[in-house]
$ cat input.csv   # CSV, C-alpha atoms
chain,number,residue,atom,x,y,z
A,1,MET,CA,0.0,0.0,0.0
A,2,ALA,CA,1.5,3.3,-1.1
A,3,ARG,CA,1.6,6.2,1.3
A,4,GLN,CA,0.0,9.4,0.2
A,5,SER,CA,1.5,12.7,1.2
A,6,LYS,CA,-0.8,15.5,2.3
A,7,ASN,CA,0.1,19.1,3.0
A,8,PHE,CA,-0.9,20.1,6.5
A,9,ASP,CA,-3.1,23.1,6.7
A,10,PRO,CA,-3.5,24.2,10.3
A,11,SER,CA,-6.5,26.5,9.5
A,12,GLU,CA,-8.6,23.4,8.5
A,13,ASP,CA,-11.1,22.0,11.0
A,14,GLY,CA,-10.2,24.5,13.8
A,15,VAL,CA,-6.7,23.0,14.3
A,16,LEU,CA,-5.1,26.5,14.3
A,17,ASP,CA,-7.5,27.7,17.0
A,18,SER,CA,-6.8,24.6,19.1
A,19,MET,CA,-3.0,25.1,18.7
A,20,GLN,CA,-3.1,28.7,19.7
A,21,ASN,CA,-5.3,28.0,22.7
A,22,ARG,CA,-3.0,25.2,23.8
A,23,ARG,CA,0.1,27.3,23.4
A,24,ARG,CA,-1.4,30.2,25.4
A,25,ASN,CA,-2.6,28.0,28.2
A,26,GLN,CA,0.2,25.5,28.5
A,27,ARG,CA,2.4,26.0,31.5
A,28,PHE,CA,5.5,24.2,32.6
A,29,THR,CA,7.0,23.9,36.0
A,30,SER,CA,10.6,24.8,36.6
A,31,ASP,CA,13.2,24.0,39.3
A,32,VAL,CA,15.0,27.3,38.5
A,33,LYS,CA,14.6,29.7,41.5
A,34,ASN,CA,15.6,33.1,40.3
A,35,VAL,CA,13.8,35.6,42.5
A,36,SER,CA,14.7,39.2,43.1
A,37,LEU,CA,13.5,40.8,46.3
A,38,THR,CA,14.9,42.9,49.0
A,39,VAL,CA,14.9,41.7,52.6
A,40,HIS,CA,16.4,43.6,55.5
A,41,ALA,CA,18.5,41.6,58.0
A,42,ASP,CA,20.6,42.1,61.0
A,43,VAL,CA,24.1,40.5,61.0
A,44,THR,CA,24.5,38.2,64.1
A,45,ASP,CA,27.9,36.8,63.3
A,46,GLU,CA,30.5,36.7,60.6
A,47,SER,CA,33.5,34.7,59.6
A,48,LEU,CA,35.8,34.3,56.5
A,49,LYS,CA,33.5,31.4,55.4
A,50,GLY,CA,30.1,32.9,55.9
A,51,ILE,CA,27.6,35.1,57.8
A,52,GLY,CA,24.7,34.7,60.2
A,53,LEU,CA,21.7,36.9,59.6
A,54,VAL,CA,18.3,37.5,61.3
A,55,LEU,CA,15.7,38.3,58.7
A,56,GLU,CA,12.6,40.3,59.2
A,57,PRO,CA,9.4,38.4,59.7
A,58,GLY,CA,7.7,36.9,56.7
A,59,TRP,CA,10.5,35.4,54.7
A,60,GLU,CA,12.3,32.1,55.3
A,61,PRO,CA,14.6,31.0,52.4
A,62,GLU,CA,14.9,27.4,51.4
A,63,LEU,CA,18.1,25.5,52.2
A,64,GLY,CA,20.5,25.4,49.3
A,65,ILE,CA,19.4,28.5,47.4
A,66,ARG,CA,22.0,31.0,46.3
A,67,VAL,CA,21.4,34.6,47.4
A,68,GLU,CA,23.2,37.9,46.8
A,69,VAL,CA,23.9,40.0,49.8
A,70,GLN,CA,25.0,43.6,49.9
A,71,TYR,CA,27.7,43.3,52.6
A,72,ARG,CA,29.8,46.2,53.6
A,73,GLY,CA,28.9,48.0,50.4
A,74,ALA,CA,29.9,45.1,48.1
A,75,PRO,CA,27.8,42.4,46.4
A,76,MET,CA,28.6,38.9,47.8
A,77,TRP,CA,27.1,35.5,47.0
A,78,GLY,CA,26.1,33.0,49.6
A,79,VAL,CA,24.3,29.7,49.8
A,80,VAL,CA,21.7,29.2,52.6
A,81,ARG,CA,23.1,26.4,54.8
A,82,ALA,CA,20.9,26.7,57.9
A,83,THR,CA,17.6,28.3,58.8
A,84,GLU,CA,15.8,28.6,62.2
A,85,ARG,CA,12.3,30.1,62.7
A,86,LEU,CA,12.3,32.6,65.6
A,87,PRO,CA,9.4,33.2,68.0
A,88,ASP,CA,8.8,36.7,66.7
A,89,GLY,CA,8.2,35.4,63.1
A,90,GLY,CA,11.7,36.3,61.9
A,91,CYS,CA,14.2,33.8,60.7
A,92,ARG,CA,17.9,33.1,61.6
A,93,VAL,CA,19.9,32.2,58.5
A,94,GLY,CA,23.4,30.9,58.0
A,95,LEU,CA,25.0,31.7,54.7
A,96,GLU,CA,28.2,30.1,53.3
A,97,TRP,CA,30.1,32.5,51.0
A,98,VAL,CA,30.6,31.2,47.4
A,99,GLY,CA,32.5,32.6,44.5
$ encode --input "input.csv" --output "structure tokens"
Amino acid sequence: MARQSKNFDPSEDGVLDSMQNRRRNQRFTSDVKNVSLTVHADVTDESLKGIGLVLEPGWEPELGIRVEVQYRGAPMWGVVRATERLPDGGCRVGLEWVG
């Protein structure tokens, strides 16, 4: 049996409308966590390898995320290694400096 080729016309039978709706409504999950927000924190301790912060109530970062900290006037990158919820709703965070 021979195969017949047929040109595809997406405007036939509402296929184009269906494709456009699917494209507009289709969503994908992502494991990328790029978020930009400003959170005020108090420095509780510091060392050559990291820094301890107490964050204002309402934000507790996930372990392992990478954050940028404006530290002593310079941007520094750290990875969240420890978190502890405080009674006042704040959060104590331990960051390890990364390059």
$ closest_residue --input "input.csv" --among "A:Ala41, A:Cys91, A:Val79, A:Val98" --to "A:Pro57" --atoms "only C-alpha atoms"
A:Cys91
$ atom_distance --input "input.csv" --atom1 "atom CA of A:Glu84" --atom2 "atom CA of A:Gly99"
24.7 Å
$ residues_around --input "input.csv" --residues "A:Arg81" --least-positions-apart "6" --cutoff "8 Å" --atoms "all atoms listed in the file" --output "NGL selection string"
:A and (63-64 or 93-96)
$ atom_distance --input "input.csv" --atom1 "atom CA of A:Leu86" --atom2 "atom CA of A:Ala74"
27.8 Å
$ atom_distance --input "input.csv" --atom1 "atom CA of A:Gln70" --atom2 "atom CA of A:Asp88"
24.3 Å
$ closest_residue --input "input.csv" --among "A:Leu55, A:Thr38, A:Glu62, A:Asp45" --to "A:Arg92" --atoms "only C-alpha atoms"
A:Leu55
